[in-house]
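A.B. asks: Below is the file input08.cif, which contains mmCIF, C-alpha atoms.
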data_structure
loop_
_atom_site.label_atom_id
_atom_site.label_comp_id
_atom_site.auth_asym_id
_atom_site.auth_seq_id
_atom_site.Cartn_x
_atom_site.Cartn_y
_atom_site.Cartn_z
CA MET A 800 0.00 0.00 0.00
CA VAL A 801 1.19 3.51 -0.78
CA ARG A 802 2.09 5.57 2.26
CA VAL A 803 2.60 9.30 2.01
CA GLY A 804 5.75 10.60 3.68
CA THR A 805 5.77 14.13 2.37
CA VAL A 806 3.25 16.49 0.85
CA LEU A 807 5.16 19.27 -0.88
CA VAL A 808 2.92 22.32 -1.18
CA LYS A 809 3.87 24.94 -3.74
CA LEU A 810 2.60 28.06 -2.01
CA ALA A 811 4.17 30.21 -4.72
CA SER A 812 5.09 29.33 -8.28
CA ARG A 813 7.55 32.20 -8.68
CA CYS A 814 10.82 33.02 -6.94
CA ASN A 815 12.59 36.19 -5.86
CA LEU A 816 15.98 34.65 -6.70
CA GLY A 817 17.23 33.62 -10.12
CA CYS A 818 19.49 30.66 -9.29
CA THR A 819 21.35 29.62 -12.41
CA TYR A 820 20.87 25.91 -11.75
CA CYS A 821 17.20 25.90 -10.70
CA TYR A 822 15.38 22.76 -11.81
CA VAL A 823 12.03 24.59 -11.81
CA TYR A 824 12.87 27.57 -14.01
CA GLU A 825 16.09 26.79 -15.83
CA MET A 826 15.58 23.27 -17.14
CA ALA A 827 13.36 21.41 -19.58
CA ASP A 828 9.94 22.18 -18.10
CA SER A 829 8.03 25.47 -18.27
CA GLY A 830 4.87 24.35 -16.45
CA TRP A 831 5.47 26.91 -13.68
CA SER A 832 4.54 29.74 -16.07
CA LEU A 833 0.96 28.45 -16.33
CA GLN A 834 0.45 28.43 -12.55
CA PRO A 835 -1.06 31.26 -10.47
CA LYS A 836 1.66 33.20 -8.68
CA THR A 837 0.49 32.18 -5.21
CA MET A 838 -1.93 29.61 -3.79
CA SER A 839 -5.41 31.02 -3.27
CA ALA A 840 -7.36 30.80 -0.02
CA GLU A 841 -9.84 28.46 -1.75
CA THR A 842 -7.07 26.08 -2.76
CA VAL A 843 -5.60 26.11 0.76
CA ARG A 844 -9.07 25.33 2.13
CA ALA A 845 -9.57 22.44 -0.31
CA LEU A 846 -6.07 21.11 0.42
CA THR A 847 -6.65 21.30 4.18
CA ARG A 848 -9.90 19.34 3.87
CA GLN A 849 -8.18 16.69 1.77
CA LEU A 850 -5.16 16.36 4.06
CA THR A 851 -7.42 15.91 7.06
CA VAL A 852 -8.98 12.92 5.32
CA VAL A 853 -5.55 11.54 4.35
CA ALA A 854 -4.35 11.88 7.96
CA ASP A 855 -7.41 9.94 9.16
CA TRP A 856 -7.03 7.30 6.49
CA GLN A 857 -3.28 6.78 6.81
CA ARG A 858 -2.89 7.17 10.59
CA GLU A 859 0.90 7.23 10.23
CA PRO A 860 2.56 10.65 10.38
CA PHE A 861 3.60 12.61 7.31
CA GLU A 862 5.03 16.05 6.71
CA VAL A 863 3.60 19.03 4.92
CA ILE A 864 6.43 21.09 3.44
CA PHE A 865 5.84 24.57 2.05
CA HIS A 866 7.88 24.93 -1.09
CA GLY A 867 7.93 26.87 -4.33
CA GLY A 868 9.25 28.90 -6.12
CA GLU A 869 9.78 30.79 -2.90
CA PRO A 870 6.94 29.93 -0.51
CA LEU A 871 7.35 33.06 1.63
CA LEU A 872 6.33 35.20 -1.36
CA VAL A 873 2.77 34.70 -0.09
CA GLY A 874 3.62 37.33 2.54
CA PRO A 875 3.59 37.13 6.35
CA ALA A 876 -0.18 37.58 6.81
CA ARG A 877 -1.12 34.85 4.31
CA PHE A 878 1.61 32.59 5.67
CA GLU A 879 0.17 32.98 9.16
CA SER A 880 -3.35 32.17 8.02
CA ILE A 881 -2.21 29.13 5.98
CA CYS A 882 -0.19 27.72 8.89
CA CYS A 883 -3.04 28.42 11.29
CA GLU A 884 -5.61 26.70 9.06
CA LEU A 885 -3.49 23.58 8.57
CA ARG A 886 -2.33 23.38 12.18
CA GLU A 887 -5.88 23.64 13.52
CA ALA A 888 -7.23 21.02 11.11
CA LEU A 889 -4.45 18.44 11.13
CA PRO A 890 -3.47 16.13 13.99
CA SER A 891 -0.27 17.06 15.79
CA ARG A 892 1.52 14.02 14.34
CA VAL A 893 1.53 15.79 10.96
CA GLY A 894 4.61 18.01 10.82
CA LEU A 895 4.80 21.38 9.11
CA GLY A 896 7.99 22.74 7.52
CA VAL A 897 9.15 25.33 5.06
CA GLN A 898 12.02 25.22 2.56
CA THR A 899 12.98 28.82 1.85
CA ASN A 900 15.81 30.80 0.31
CA GLY A 901 15.78 32.82 3.55
CA VAL A 902 15.57 36.30 2.07
CA LEU A 903 12.02 36.92 3.33
CA LEU A 904 12.49 35.44 6.80
CA SER A 905 11.09 38.29 8.90
CA GLU A 906 10.21 38.62 12.58
CA GLN A 907 6.56 38.03 11.63
CA ILE A 908 7.37 34.87 9.70
CA ALA A 909 9.55 33.66 12.57
CA ALA A 910 6.72 34.29 15.05
CA THR A 911 4.35 32.28 12.85
CA CYS A 912 6.84 29.41 12.70
CA VAL A 913 7.21 29.45 16.48
CA ARG A 914 3.45 29.65 17.05
CA HIS A 915 2.60 26.74 14.77
CA GLY A 916 5.77 24.65 15.15
CA VAL A 917 6.89 25.08 11.54
CA SER A 918 10.47 23.87 11.09
CA VAL A 919 12.61 25.97 8.78
CA SER A 920 15.21 24.85 6.27
CA VAL A 921 17.20 27.47 4.36
CA SER A 922 18.83 27.01 0.98
CA ILE A 923 22.34 28.45 1.13
CA ASP A 924 25.36 27.17 -0.76
CA GLY A 925 28.17 28.25 1.59
CA PRO A 926 30.11 31.48 2.13
CA ALA A 927 29.33 34.49 -0.06
CA SER A 928 32.13 33.68 -2.52
CA VAL A 929 30.41 30.36 -3.30
CA HIS A 930 26.73 31.21 -2.80
CA ASP A 931 26.72 34.37 -4.89
CA ARG A 932 28.16 32.64 -7.93
CA HIS A 933 24.82 30.95 -8.63
CA ARG A 934 22.14 32.49 -6.42
CA PRO A 935 21.59 36.11 -7.51
CA ASP A 936 18.32 37.95 -7.05
CA ARG A 937 16.09 38.76 -9.99
CA ARG A 938 18.20 41.81 -10.84
CA GLY A 939 21.42 39.83 -10.79
CA ARG A 940 22.57 41.17 -7.43
CA PRO A 941 24.17 38.93 -4.78
CA SER A 942 21.73 37.45 -2.25
CA HIS A 943 24.06 36.06 0.41
CA ALA A 944 23.88 39.03 2.79
CA ALA A 945 20.07 39.05 2.63
CA VAL A 946 19.94 35.30 3.38
CA LEU A 947 22.24 35.70 6.39
CA ALA A 948 20.12 38.59 7.66
CA GLY A 949 17.02 36.39 7.36
CA ILE A 950 18.65 33.55 9.30
CA GLU A 951 19.72 36.03 11.97
CA ARG A 952 16.18 37.40 12.29
CA LEU A 953 14.89 33.85 12.70
CA GLN A 954 17.44 32.92 15.33
CA ARG A 955 16.92 36.16 17.29
CA SER A 956 13.17 35.62 17.52
CA PRO A 957 11.76 34.61 20.92
CA GLY A 958 11.14 30.88 21.08
CA ALA A 959 12.81 30.19 17.73
CA GLN A 960 15.71 28.22 19.19
CA GLY A 961 16.02 24.99 17.24
CA LEU A 962 13.58 26.04 14.51
CA LEU A 963 16.38 26.20 11.92
CA ALA A 964 16.11 22.49 11.22
CA GLY A 965 18.68 22.54 8.48
CA VAL A 966 20.49 24.20 5.64
CA LEU A 967 20.51 22.81 2.14
CA ALA A 968 23.42 23.48 -0.19
CA VAL A 969 23.91 22.70 -3.86
CA ILE A 970 27.46 21.58 -4.54
CA ASP A 971 29.76 23.86 -6.50
CA LEU A 972 32.79 21.86 -7.59
CA GLU A 973 34.91 24.99 -7.61
CA SER A 974 34.34 25.41 -3.88
CA ASP A 975 36.38 23.94 -1.06
CA PRO A 976 34.16 21.37 0.72
CA VAL A 977 35.83 22.06 4.07
CA GLU A 978 35.23 25.79 3.76
CA VAL A 979 31.59 25.17 2.77
CA TYR A 980 31.00 22.79 5.68
CA GLU A 981 32.63 25.07 8.25
CA PHE A 982 30.62 28.03 7.02
CA LEU A 983 27.31 26.14 7.11
CA LYS A 984 28.17 24.84 10.55
CA SER A 985 28.72 28.39 11.78
CA LEU A 986 25.04 29.09 11.09
CA ARG A 987 24.14 26.60 13.85
CA PRO A 988 21.52 24.61 11.92
CA GLY A 989 20.14 21.29 13.14
CA GLY A 990 21.71 19.61 10.14
CA ILE A 991 23.31 20.09 6.75
CA ASP A 992 22.27 18.46 3.52
CA LEU A 993 23.89 18.63 0.12
CA LEU A 994 22.56 18.24 -3.38
CA PHE A 995 24.43 17.32 -6.52
CA ARG A 996 23.92 19.71 -9.41
CA ASP A 997 21.19 18.52 -11.74
CA GLY A 998 21.96 16.57 -14.84
CA ASN A 999 21.22 13.28 -16.51
CA ARG A 1000 22.87 10.79 -18.81
CA ASP A 1001 22.23 13.00 -21.83
CA VAL A 1002 23.14 16.34 -20.26
CA LEU A 1003 26.05 15.94 -17.86
CA PRO A 1004 25.97 18.02 -14.66
CA PRO A 1005 28.32 21.04 -14.60
CA GLY A 1006 31.93 20.09 -13.91
CA LYS A 1007 31.53 16.44 -14.77
CA SER A 1008 33.81 15.69 -17.70
CA SER A 1009 32.44 12.25 -18.61
CA ILE A 1010 29.97 9.67 -17.39
CA ASP A 1011 32.88 7.79 -15.72
CA SER A 1012 34.56 10.77 -14.09
CA THR A 1013 34.37 11.28 -10.32
CA GLU A 1014 34.55 15.02 -9.66
CA TYR A 1015 31.47 15.03 -7.38
CA GLY A 1016 32.57 11.86 -5.61
CA ALA A 1017 36.00 13.35 -4.93
CA TRP A 1018 34.41 16.55 -3.54
CA MET A 1019 32.22 14.52 -1.23
CA ALA A 1020 35.13 12.30 -0.15
CA ARG A 1021 37.12 15.39 0.87
CA LEU A 1022 34.14 16.55 2.90
CA LEU A 1023 33.83 13.07 4.43
CA ASP A 1024 37.46 13.13 5.59
CA HIS A 1025 36.96 16.45 7.33
CA TYR A 1026 33.54 15.52 8.74
CA LEU A 1027 34.78 12.32 10.35
CA THR A 1028 37.61 14.11 12.13
CA ASP A 1029 35.55 17.10 13.25
CA MET A 1030 35.32 17.02 17.04
CA ARG A 1031 32.17 19.18 17.09
CA PRO A 1032 30.31 18.08 14.00
CA ILE A 1033 26.88 19.00 12.76
CA PRO A 1034 25.07 16.09 11.08
CA VAL A 1035 25.41 15.94 7.30
CA ARG A 1036 22.35 13.98 6.33
CA VAL A 1037 23.40 12.36 3.07
CA LEU A 1038 26.74 11.20 4.52
CA ASP A 1039 25.08 9.95 7.71
CA GLU A 1040 22.53 7.89 5.82
CA MET A 1041 25.12 6.25 3.60
CA LEU A 1042 27.46 5.54 6.51
CA LYS A 1043 24.66 4.02 8.54
CA LEU A 1044 23.63 1.79 5.67
CA LEU A 1045 27.23 0.62 5.38
CA MET A 1046 27.45 0.02 9.11
CA ALA A 1047 24.21 -1.90 9.25
CA ARG A 1048 24.71 -3.72 5.95
CA SER A 1049 20.96 -3.78 5.53
CA GLY A 1050 20.59 -1.33 2.75
CA ARG A 1051 18.77 -3.44 0.19
CA PHE A 1052 16.51 -0.98 -1.54
CA GLY A 1053 15.03 -3.61 -3.80
CA ASP A 1054 13.47 -5.37 -0.83
CA ARG A 1055 11.81 -2.21 0.38
CA LYS A 1056 10.17 -0.84 -2.72
CA GLU A 1057 6.65 -0.91 -1.39
CA ALA A 1058 7.66 0.50 1.96
CA GLU A 1059 9.13 3.67 0.49
CA ASP A 1060 7.19 6.74 1.51
CA ALA A 1061 5.63 8.55 -1.40
CA ILE A 1062 6.01 12.23 -2.08
CA LEU A 1063 3.00 14.13 -3.33
CA ILE A 1064 3.38 17.54 -4.96
CA VAL A 1065 0.52 20.03 -4.81
CA GLU A 1066 0.96 22.77 -7.39
CA THR A 1067 -0.09 26.35 -6.72
CA ASP A 1068 -3.45 25.87 -8.46
CA GLY A 1069 -4.15 22.67 -6.49
CA THR A 1070 -3.28 20.16 -9.21
CA LEU A 1071 -1.20 17.17 -8.20
CA SER A 1072 2.09 16.24 -9.83
CA LYS A 1073 4.87 13.69 -9.45
CA ASN A 1074 8.21 14.29 -7.80
CA ASP A 1075 9.09 17.70 -9.20
CA THR A 1076 12.76 16.89 -9.72
CA LEU A 1077 11.57 15.04 -12.82
CA LYS A 1078 11.06 18.45 -14.43
CA GLY A 1079 14.72 18.35 -15.34
CA ALA A 1080 14.25 15.34 -17.64
CA TYR A 1081 11.76 16.53 -20.24
CA GLU A 1082 8.74 18.79 -20.61
CA GLY A 1083 5.86 17.35 -18.59
CA ALA A 1084 7.85 14.52 -16.99
CA ASP A 1085 6.36 15.29 -13.59
CA ARG A 1086 2.73 15.25 -14.73
CA PHE A 1087 0.26 12.41 -14.30
CA ASN A 1088 -1.74 11.22 -17.32
CA LYS A 1089 -4.90 12.32 -15.58
CA THR A 1090 -5.09 15.87 -14.23
CA TRP A 1091 -5.91 15.48 -10.56
CA SER A 1092 -6.73 18.40 -8.30
CA VAL A 1093 -7.44 18.92 -4.62
CA HIS A 1094 -10.53 20.84 -5.77
CA TYR A 1095 -12.42 17.98 -7.38
CA ASP A 1096 -10.60 14.67 -6.74
CA SER A 1097 -10.31 12.67 -3.56
CA LEU A 1098 -6.65 12.55 -2.46
CA VAL A 1099 -7.19 9.16 -0.89
CA GLU A 1100 -8.59 7.80 -4.16
CA VAL A 1101 -5.60 9.25 -6.01
CA LEU A 1102 -3.23 7.57 -3.55
CA CYS A 1103 -5.04 4.26 -4.09
CA SER A 1104 -5.03 4.57 -7.89
CA ARG A 1105 -3.05 2.33 -10.20
CA GLU A 1106 -1.26 5.30 -11.78
CA PHE A 1107 -0.06 6.62 -8.43
CA GLU A 1108 1.15 3.18 -7.43
CA GLU A 1109 3.06 2.86 -10.71
CA TYR A 1110 4.66 6.25 -10.12
CA CYS A 1111 5.84 5.12 -6.66
CA ILE A 1112 7.20 1.84 -7.99
CA ALA A 1113 9.15 3.74 -10.67
CA GLN A 1114 11.05 5.81 -8.09
CA PRO A 1115 13.64 3.23 -6.97
CA PRO A 1116 16.20 2.17 -9.58
CA SER A 1117 15.46 -0.80 -11.79
CA SER A 1118 18.55 -1.10 -14.00
CA LYS A 1119 20.35 -4.42 -13.81
CA ALA A 1120 23.67 -2.65 -13.26
CA CYS A 1121 22.27 -1.15 -10.03
CA LEU A 1122 20.53 -4.27 -8.78
CA VAL A 1123 23.73 -6.36 -8.91
CA CYS A 1124 26.06 -3.56 -7.76
CA PRO A 1125 27.81 -4.24 -4.40
CA ASP A 1126 27.41 -0.55 -3.55
CA PHE A 1127 23.71 -0.46 -4.29
CA GLY A 1128 22.73 -0.49 -0.62
CA PRO A 1129 24.55 2.62 0.57
CA CYS A 1130 24.23 4.37 -2.80
CA GLY A 1131 20.58 3.81 -3.50
CA GLY A 1132 20.97 4.16 -7.25
CA GLY A 1133 20.07 7.78 -7.62
CA THR A 1134 17.01 9.86 -8.28
CA PRO A 1135 14.94 9.19 -11.40
CA ALA A 1136 15.97 12.59 -12.76
CA HIS A 1137 19.65 11.60 -12.56
CA ARG A 1138 18.92 8.25 -14.26
CA TRP A 1139 17.21 9.77 -17.28
CA ALA A 1140 18.35 9.19 -20.89
CA ALA A 1141 16.21 9.97 -23.91
CA ASP A 1142 16.80 6.59 -25.59
CA ASN A 1143 15.71 4.34 -22.71
CA GLY A 1144 14.06 6.51 -20.10
CA PHE A 1145 14.88 5.96 -16.41
CA ASP A 1146 16.22 2.40 -16.69
CA ASN A 1147 19.87 3.36 -16.15
CA PRO A 1148 22.40 3.85 -13.39
CA SER A 1149 22.62 7.46 -12.22
CA VAL A 1150 24.78 9.93 -14.08
CA PHE A 1151 26.60 10.11 -10.70
CA CYS A 1152 27.22 6.34 -10.55
CA ALA A 1153 31.03 6.66 -10.71
CA ASP A 1154 30.93 9.48 -8.14
CA GLN A 1155 28.83 7.43 -5.76
CA ARG A 1156 31.13 4.44 -6.08
CA HIS A 1157 34.11 6.68 -5.40
CA LEU A 1158 32.42 8.01 -2.26
CA VAL A 1159 31.30 4.59 -1.03
CA ALA A 1160 34.87 3.29 -1.47
CA ALA A 1161 36.15 6.23 0.60
CA MET A 1162 33.57 5.43 3.28
CA ARG A 1163 34.55 1.77 3.37
CA ARG A 1164 38.21 2.74 3.81
CA ARG A 1165 37.32 5.17 6.59
CA LEU A 1166 35.16 2.66 8.42
CA ALA A 1167 37.85 0.00 8.15
CA LEU A 1168 40.38 2.45 9.53
CA HIS A 1169 38.13 3.07 12.51
CA GLY A 1170 37.57 -0.62 13.12
CA THR A 1171 33.91 -0.36 12.17
CA ALA A 1172 32.23 -3.00 10.04
CA ALA A 1173 31.56 -2.02 6.43
CA MET B 846 23.45 -6.01 11.48
CA ASN B 847 26.94 -7.07 12.40
CA VAL B 848 28.10 -4.14 14.47
CA SER B 849 28.92 -5.14 18.03
CA LEU B 850 31.02 -2.30 19.30
CA ASP B 851 30.48 -0.40 22.51
CA VAL B 852 30.99 3.30 22.14
CA LYS B 853 31.64 5.85 24.83
CA THR B 854 32.32 9.50 24.28
CA SER B 855 35.03 11.17 26.31
CA GLU B 856 34.86 14.68 27.75
CA ALA B 857 37.00 15.96 24.95
CA GLY B 858 34.46 14.71 22.46
CA ALA B 859 36.55 11.84 21.19
CA ALA B 860 35.14 8.36 21.34
CA GLU B 861 36.56 4.96 21.97
CA THR B 862 35.26 1.59 20.92
CA CYS B 863 35.58 -1.64 22.80
CA ASP B 864 35.10 -4.85 20.85
CA GLU B 865 34.92 -7.82 23.18
CA GLY B 866 37.67 -6.47 25.35
CA ASN B 867 39.90 -5.17 22.57
CA SER B 868 40.01 -1.38 22.80
CA VAL B 869 40.31 0.36 19.49
CA ALA B 870 40.75 4.09 19.31
CA MET B 871 37.87 5.72 17.48
CA ASP B 872 38.53 9.41 17.19
CA SER B 873 35.43 10.18 15.20
CA VAL B 874 32.57 11.78 17.10
CA THR B 875 30.35 11.29 14.05
CA LEU B 876 31.05 7.57 13.75
CA ALA B 877 30.41 7.11 17.44
CA ARG B 878 27.03 8.83 17.14
CA LEU B 879 26.08 6.89 14.02
CA MET B 880 27.05 3.64 15.70
CA GLU B 881 24.66 4.43 18.52
CA GLU B 882 21.92 5.24 16.05
CA VAL B 883 22.45 2.03 14.10
CA ARG B 884 22.32 0.02 17.30
CA ASN B 885 19.22 1.70 18.65
CA SER B 886 16.94 1.96 15.66
CA PRO B 887 16.44 0.30 12.29
CA VAL B 888 18.30 1.89 9.39
CA GLU B 889 15.96 3.30 6.79
CA PRO B 890 17.10 2.77 3.20
CA THR B 891 16.84 6.40 2.30
CA ALA B 892 20.21 7.49 0.98
CA TYR B 893 20.78 9.01 -2.41
CA ASN B 894 17.63 7.73 -4.05
CA ARG B 895 15.35 9.28 -1.48
CA THR B 896 12.53 11.19 -3.03
CA HIS B 897 12.53 14.00 -0.54
CA ASN B 898 15.82 15.60 -1.36
CA ARG B 899 14.54 19.08 -2.19
CA HIS B 900 14.02 20.01 1.40
CA ASN B 901 15.87 19.30 4.59
CA ARG B 902 13.94 17.32 7.14
CA THR B 903 14.93 16.48 10.64
#
If you convert what's in this file into structure tokens, what do you get?
C.D. replies:
Amino acid sequence: MVRVGTVLVKLASRCNLGCTYCYVYEMADSGWSLQPKTMSAETVRALTRQLTVVADWQREPFEVIFHGGEPLLVGPARFESICCELREALPSRVGLGVQTNGVLLSEQIAATCVRHGVSVSVSIDGPASVHDRHRPDRRGRPSHAAVLAGIERLQRSPGAQGLLAGVLAVIDLESDPVEVYEFLKSLRPGGIDLLFRDGNRDVLPPGKSSIDSTEYGAWMARLLDHYLTDMRPIPVRVLDEMLKLLMARSGRFGDRKEAEDAILIVETDGTLSKNDTLKGAYEGADRFNKTWSVHYDSLVEVLCSREFEEYCIAQPPSSKACLVCPDFGPCGGGTPAHRWAADNGFDNPSVFCADQRHLVAAMRRRLALHGTAA
Amino acid sequence: MNVSLDVKTSEAGAAETCDEGNSVAMDSVTLARLMEEVRNSPVEPTAYNRTHNRHNRT
């Protein structure tokens, strides 16, 4: 049975930054341009009703994450009313969170997050010299100082201690991983997570010279070396998960297909779409055959539909090369977007396969050195 | 799971492991924490293929 882990709610379809690598605006899909700029009160009401039914039906907890575009473009008053409506309607086991670029984090927004227990994650790529290379505002001006000011406002707010659940950085191969980590750590987030730059087997990610090259793996391995010797570390989620899978030796994704939590995307107009990272593959890759909407379809019926089940089953890797790979457990085989090739769809190893193997090998060496099973 | 190491964290933040009486220096605070986590709860297979990687959850 499908189980929802995350409902990603696109409160705004536009963004106040113009990140050069954005998978929403700068890649194959232009669906965002057809969406209303922000989610209407009617759509929020319909979504709230639907999520209440899902929470009753599923019983197990899930998370509602405000996303975009830049979700805080709805403004502080609307953000307060949206959080209030959802928090009042949903059981406390349903978590609320926001993924923001941080620029619009105001005292009012912080107070709303405190009041309704909304965890905050900020997208920031490292120190200004790294961040401002790819994350300018809409006029091309650097955004780093504005992001830092937003984080400061959040952390200064009464009761906001611990609300900065994490920071999320996109890797720039020209950066020094140690410098990036130390900078992100200085922001005192609950955790750090890192994303590879987008790409697929047809369009290589920036800085990757060939399908077999290991530039991203080498960057991550340098970070790993520093992370494992840091005496006051902050958790780096992707490294932690891989290390734990190596330690436990139980990471057999193929056995767990049906247990994977599904992610449901609610677009600004209330229509439902697949994992939005698929946008990077081809125009419309994230759309279902049938246009579903929180306004006129039952979310529970959608979750129980054959098409939704097929979408969930297609998320884990299926290529033979992955299924027999000794590193498949800790690696996981990559996101569908990274597995894409025009000639055979998603049935491939990730474009980062060599990088992942490089990183897993570095982890195995490190664990052996520390006398820990791998 | 085949990990059977005891981990204790020293005041300085460093950790040591003891494997059936054989002490092995483990100077990694992170590995000590992860070891505890692996021992105390099931490991979810959610590494690089996780579908939630556009936001940072705790």
A.B. asks: Could you tell me how far atom CA of A:Asp1126 lies from atom CA of A:Pro1004, in Å and to one decimal?
C.D. replies: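 For atom CA of A:Asp1126 relative to atom CA of A:Pro1004, the distance reads 21.7 Å.
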A.B. asks: Could you work out how far atom CA of A:Thr899 lies from atom CA of A:His943, giving the answer in Å with one decimal?
C.D. replies: 13.3 Å
A.B. asks: For a test of reading the model, state the distance in Å between atom CA of A:Asp1096 and atom CA of A:Ile1062, rounded to one decimal.
C.D. replies: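 These atoms are spaced 17.4 Å apart.
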A.B. asks: Set the cut-off to 8 Å and count all atoms listed in the file: what are the residues of chain A that reach chain B? Output as number ranges by chain.
C.D. replies: A: 805, 864, 898, 920, 964-967, 989-992, 994, 1026-1032, 1034, 1037, 1039-1044, 1046-1052, 1055, 1061-1062, 1074, 1114-1116, 1128-1135, 1169-1172
A.B. asks: Check what the PyMOL selection byres ((chain A and resi 865-878) around 9) selects in the file above and give those residues as JSON, numbers by chain.
C.D. replies: {"A": [806, 807, 808, 809, 810, 811, 812, 813, 814, 815, 816, 823, 824, 831, 836, 837, 838, 840, 863, 864, 879, 880, 881, 882, 883, 895, 896, 897, 898, 899, 900, 901, 902, 903, 904, 905, 907, 908, 911, 1066, 1067], "B": [899, 900]}
A.B. asks: On this file, the PyMOL selection byres ((chain A and resi 1157) around 9) gives some set of residues; write that set as a PyMOL selection string.
C.D. replies: chain A and resi 1013+1015-1017+1020+1152-1156+1158-1162
A.B. asks: Which of these, A:Glu1108, A:Asp997, A:Asp971, A:Glu884, has the shortest distance to A:Leu850 once you count only C-alpha atoms?
C.D. replies: A:Glu884
A.B. asks: Translate the PyMOL selection byres ((chain A and resi 912-915) around 8), as applied to the file shown, into an explicit residue set as a list in words.
C.D. replies: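 Those residues are Cys882, Cys883, Arg886, Ile908, Ala909, Ala910, Thr911, Gly916, Val917, Ser918, Val919, Gly958, Ala959 and Leu962 of chain A.
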A.B. asks: How big is the axis-aligned box, and where does its centre sit, when it encloses all atoms of stretch 875-889 of chain B listed in the file and has 8 Å added on every side, reported in Å to one decimal as lines of an AutoDock Vina configuration file?
C.D. replies:
center_x = 23.5
center_y = 5.7
center_z = 12.7
size_x = 31.1
size_y = 27.3
size_z = 27.9
A.B. asks: Set the distance at 8 Å and use only C-alpha atoms: which residues neighbour stretch 976-978 of chain A once local chain neighbours fewer than 5 positions away are removed? I'd like the list as a PDB file with C-alpha atoms, keeping the file's coordinate frame.
C.D. replies:
ATOM      1  CA  GLY A 925      28.170  28.250   1.590  1.00  0.00           C
ATOM      2  CA  PRO A 926      30.110  31.480   2.130  1.00  0.00           C
ATOM      3  CA  TRP A1018      34.410  16.550  -3.540  1.00  0.00           C
ATOM      4  CA  MET A1019      32.220  14.520  -1.230  1.00  0.00           C
ATOM      5  CA  ARG A1021      37.120  15.390   0.870  1.00  0.00           C
ATOM      6  CA  LEU A1022      34.140  16.550   2.900  1.00  0.00           C
ATOM      7  CA  HIS A1025      36.960  16.450   7.330  1.00  0.00           C
TER       8      HIS A1025
END
A.B. asks: Choose the residue, out of A:Leu1071, A:Val852, A:Val1150, A:Leu1038, that has the smallest atom-to-atom separation from A:Ile1010; count only C-alpha atoms.
C.D. replies: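 Ranked by minimum distance to A:Ile1010, first place goes to A:Val1150.
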